[in-house]
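First up is the structure itself, then whatever we jot down about it.
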Amino acid sequence: MSSYFHYDPRLGIEIPFLETEWESFESEVRAHILLRWEEIRGSIPDRIMKLEAKIIYKQNQLDREDDFPTSCHLNSEIADLASIINDLHLWFRTNQELETKTHH
């Protein structure tokens, strides 16, 4: 099943990597892919919580920072972490789309 997923270092999870159309997979293969995705998807909320903790830490640093370039750097890091969280939320919702395709 790992050939259907690739690790994304930015997101910190494996994401689906399907080189062919979903409908072209046999139902057994689709079921295995969905099972693996559900396992990965289940780890997303924990990953988001860790990233949110990093954001809070950096926001606390930012509150005490007087150096403008350092403040800009912290703001950039916070924005990057927030972007990752947003993408993880999108991937978390991907399960419903795959299940809908499976049932049609």
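Each chain of the structure tokens is named A, B, ... in the order shown, its residues numbered from 1; ligands are numbered from 1 in display order.
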
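For stretch 77-79 of chain A, the set of protein, DNA and RNA residues having any atom at most 9 Å away, when counting only C-alpha atoms and skipping those fewer than 4 positions along the same chain, is A:Lys54, A:Ile55, A:Ile56, A:Lys58, A:Gln59, A:Cys72, A:His73, A:Ser83, A:Ile84.
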
Shell of 12 Å around A:Thr20, only C-alpha atoms, local chain residues under 5 positions omitted, as a list in words: Tyr4, Phe25, Glu26 and Arg30 of chain A

Give me, as a tab-separated table, the closest atom pair and its distance (Å, one decimal) for every residue of stretch 25-56 of chain A within a cut-off of 9 Å of stretch 88-91 of chain A, counting only C-alpha atoms, rows sorted by chain and rising number.
```
residue	atom	partner	partner_atom	distance
A:Arg41	CA	A:Trp91	CA	7.7
A:Ile44	CA	A:Leu88	CA	6.6
A:Pro45	CA	A:Leu88	CA	8.5
A:Arg47	CA	A:Leu88	CA	8.4
A:Ile48	CA	A:Leu88	CA	7.3
```

For A:Ile15, which residue among A:Val29, A:Ile40, A:Tyr57, A:Leu35 is the nearest when counting only C-alpha atoms? A:Ile40

Please report, as a PyMOL selection string, each residue of chain A to which DSSP assigns alpha helix (DSSP H) when run on this structure's backbone. chain A and resi 27-64+68-103

Let me see the file: selected residues, C-alpha atoms, as an mmCIF file, in the first residue's frame.
```cif
data_model
loop_
_atom_site.group_PDB
_atom_site.id
_atom_site.type_symbol
_atom_site.label_atom_id
_atom_site.label_comp_id
_atom_site.auth_asym_id
_atom_site.auth_seq_id
_atom_site.Cartn_x
_atom_site.Cartn_y
_atom_site.Cartn_z
ATOM 1 C CA SER A 27 -12.689 -2.528 -5.233
ATOM 2 C CA GLU A 28 -10.346 -4.558 -2.992
ATOM 3 C CA VAL A 29 -7.432 -2.215 -3.724
ATOM 4 C CA ARG A 30 -9.658 0.809 -3.112
ATOM 5 C CA ALA A 31 -10.691 -0.668 0.232
ATOM 6 C CA HIS A 32 -7.038 -1.150 1.232
ATOM 7 C CA ILE A 33 -6.163 2.381 0.146
ATOM 8 C CA LEU A 34 -9.106 3.781 2.129
ATOM 9 C CA LEU A 35 -8.120 1.755 5.200
ATOM 10 C CA ARG A 36 -4.547 3.056 5.056
ATOM 11 C CA TRP A 37 -5.790 6.592 4.450
ATOM 12 C CA GLU A 38 -8.104 6.326 7.456
ATOM 13 C CA GLU A 39 -5.086 5.370 9.597
ATOM 14 C CA ILE A 40 -3.101 8.347 8.301
ATOM 15 C CA ARG A 41 -6.115 10.652 8.532
ATOM 16 C CA GLY A 42 -6.559 9.660 12.174
ATOM 17 C CA SER A 43 -3.125 11.097 12.953
ATOM 18 C CA ILE A 44 -3.926 14.522 11.479
ATOM 19 C CA PRO A 45 -5.648 16.033 14.560
ATOM 20 C CA ASP A 46 -2.599 15.209 16.719
ATOM 21 C CA ARG A 47 -0.311 16.728 14.098
ATOM 22 C CA ILE A 48 -2.448 19.886 14.059
ATOM 23 C CA MET A 49 -2.342 20.143 17.859
ATOM 24 C CA LYS A 50 1.467 19.963 17.813
ATOM 25 C CA LEU A 51 1.641 22.696 15.187
ATOM 26 C CA GLU A 52 -0.799 24.854 17.155
ATOM 27 C CA ALA A 53 1.433 24.480 20.211
ATOM 28 C CA LYS A 54 4.379 25.706 18.113
ATOM 29 C CA ILE A 55 2.327 28.693 16.973
ATOM 30 C CA ILE A 56 1.447 29.581 20.561
ATOM 31 C CA TYR A 57 5.110 29.313 21.558
ATOM 32 C CA LYS A 58 6.170 31.576 18.684
ATOM 33 C CA GLN A 59 3.375 34.059 19.439
ATOM 34 C CA ASN A 60 4.639 34.262 23.016
ATOM 35 C CA GLN A 61 8.131 34.913 21.679
ATOM 36 C CA LEU A 62 6.719 37.566 19.369
ATOM 37 C CA ASP A 63 4.980 39.298 22.291
ATOM 38 C CA ARG A 64 8.365 39.789 23.977
ATOM 39 C CA PHE A 68 11.903 44.214 14.101
ATOM 40 C CA PRO A 69 13.697 41.731 11.775
ATOM 41 C CA THR A 70 13.304 38.987 14.381
ATOM 42 C CA SER A 71 9.612 39.883 14.722
ATOM 43 C CA CYS A 72 9.198 39.606 10.965
ATOM 44 C CA HIS A 73 10.899 36.216 11.000
ATOM 45 C CA LEU A 74 8.626 34.959 13.784
ATOM 46 C CA ASN A 75 5.561 36.244 11.918
ATOM 47 C CA SER A 76 6.701 34.383 8.822
ATOM 48 C CA GLU A 77 7.197 31.164 10.791
ATOM 49 C CA ILE A 78 3.733 31.527 12.326
ATOM 50 C CA ALA A 79 2.198 32.067 8.872
ATOM 51 C CA ASP A 80 3.992 28.974 7.539
ATOM 52 C CA LEU A 81 2.700 26.851 10.421
ATOM 53 C CA ALA A 82 -0.820 28.182 9.914
ATOM 54 C CA SER A 83 -0.589 27.301 6.221
ATOM 55 C CA ILE A 84 0.412 23.743 7.090
ATOM 56 C CA ILE A 85 -2.545 23.486 9.482
ATOM 57 C CA ASN A 86 -4.873 24.717 6.750
ATOM 58 C CA ASP A 87 -3.537 22.105 4.307
ATOM 59 C CA LEU A 88 -3.889 19.374 6.933
ATOM 60 C CA HIS A 89 -7.534 20.369 7.430
ATOM 61 C CA LEU A 90 -8.057 20.006 3.683
ATOM 62 C CA TRP A 91 -6.432 16.568 3.659
ATOM 63 C CA PHE A 92 -8.499 15.550 6.675
ATOM 64 C CA ARG A 93 -11.665 16.244 4.677
ATOM 65 C CA THR A 94 -10.394 14.218 1.698
ATOM 66 C CA ASN A 95 -11.798 11.020 3.184
ATOM 67 C CA GLN A 96 -15.382 12.052 2.498
ATOM 68 C CA GLU A 97 -14.547 12.691 -1.158
ATOM 69 C CA LEU A 98 -12.966 9.258 -1.580
ATOM 70 C CA GLU A 99 -15.848 7.520 0.144
ATOM 71 C CA THR A 100 -18.332 9.330 -2.088
ATOM 72 C CA LYS A 101 -16.439 8.191 -5.179
ATOM 73 C CA THR A 102 -16.389 4.621 -3.864
ATOM 74 C CA HIS A 103 -20.162 4.512 -3.369
#
```
